[in-house]
Amino acid sequence: RSSRPCLSNLGASYRMWVLENPSHGVLETSMDLDGQDANEAVSSWANELANLESQRLNSAGLQALPLKVCSCGPLGMYHIGKTPKDLQRFSFNRVVLATNFDFANVRAMEVGELDEDSWMSPEGKLYFCVICLLRLFHVTKNAATLRGREMVMVFPYVFEDPRNPLTHWALVNRRQQHRYIVHRN
């Protein structure tokens with residue numbers, strides 16, 4: 001599985017990301033994936049893909065921990081450059097995960113390819129799913145290990161727009177701590 005390069009720290013010192021409003025941006029649309037509403041079939045499909053990827057990674061020598069996605073969807077944010085004219089709006093891929101893990105301990109994020117998985121709902125909506133992999137720091141800043149194997153976290157990200165570049169991410173834990181990650185190509 002190929003992945004895009006990752007940068008966990010946002011930009012140079014003169015650049016800044018600003019949320020559209022104080023409550024961590026504007027959710028353009030949000031999809032609940034807790035498996036308890038109308039999206040139960042989508043949730044089951046995405047979780048099955050993440051579990052298959054976790055099994056594949058475990059057989060490849062990693063220790064993969066699948067994370068449960070509570071909700072996901074685009075989040076509007078602005079990028080401020082050197083001058084006010086450099087203001088640009090971006091959509092971040094916001095994912096709320098059922099964990100208390102502090103995503104500041106993520107050293108890299110890898111995103112699967114867009115063309116891997118799609119699913120048509122009974123209502124005729126087309127969904128896409130990519131599997132995301134988080135590589136973790138350990139206290140010593142080396143890769144976290146469990147029984148001598150590198151530990152990684154895996155989660156599915158479901159979305160509807162195939163033009164989504166999957167480069168801007170907002171990871172949120174149960175404590176509502178946000179970690180923003182931007183991939184640079």
# chains A, B, ... in the order shown; residues from 1 in each chain; ligands from 1
$ closest_atom_pairs --of "range 78-133 of chain A" --to "range 46-70 of chain A" --cutoff "7 Å" --atoms "only C-alpha atoms" --output "CSV"
residue,atom,partner,partner_atom,distance
A:Val95,CA,A:Val69,CA,6.9
A:Val96,CA,A:Cys70,CA,5.5
A:Leu97,CA,A:Val69,CA,4.6
A:Ala98,CA,A:Lys68,CA,5.4
A:Cys129,CA,A:Ala46,CA,6.7
A:Ile131,CA,A:Ala50,CA,6.3
$ residues_around --residues "range 170-172 of chain A" --least-positions-apart "5" --cutoff "9 Å" --atoms "only C-alpha atoms" --output "list of chain:residue names"
A:Leu75, A:Phe92, A:Asn93, A:Arg94, A:Val95, A:Val96, A:Leu97, A:Ala98, A:Thr99, A:Asp102, A:Phe103, A:Gln177, A:His178, A:Arg179, A:Tyr180, A:Ile181, A:Val182
$ atom_distance --atom1 "CA of Arg89 in chain A" --atom2 "CA of Asp161 in chain A"
17.1 Å
$ atom_distance --atom1 "CA of Val152 in chain A" --atom2 "CA of Gly76 in chain A"
27.9 Å
$ closest_residue --among "A:Cys132, A:Glu123, A:Asp86, A:Phe155" --to "Thr167 in chain A" --atoms "only C-alpha atoms"
A:Cys132
$ atom_distance --atom1 "CA of Asp117 in chain A" --atom2 "CA of Glu160 in chain A"
11.8 Å
$ closest_residue --among "A:Leu133, A:Met120, A:Leu166, A:Met153" --to "Ala41 in chain A" --atoms "only C-alpha atoms"
A:Met120
$ residues_around --residues "Val106 in chain A" --least-positions-apart "4" --cutoff "8 Å" --atoms "only C-alpha atoms" --output "list of chain:residue names"
A:Ser8, A:Leu134, A:Arg135, A:Leu136, A:Phe137
$ select_by_dssp --residues "range 47-168 of chain A" --states "strand (DSSP E)" --output "PyMOL selection string"
chain A and resi 63-66+69-80+88-97+106-111+117-120+126-136+145-146+149-159+168
$ closest_residue --among "A:His79, A:Glu150, A:Gly112, A:Ser118" --to "Pro165 in chain A" --atoms "only C-alpha atoms"
A:Gly112
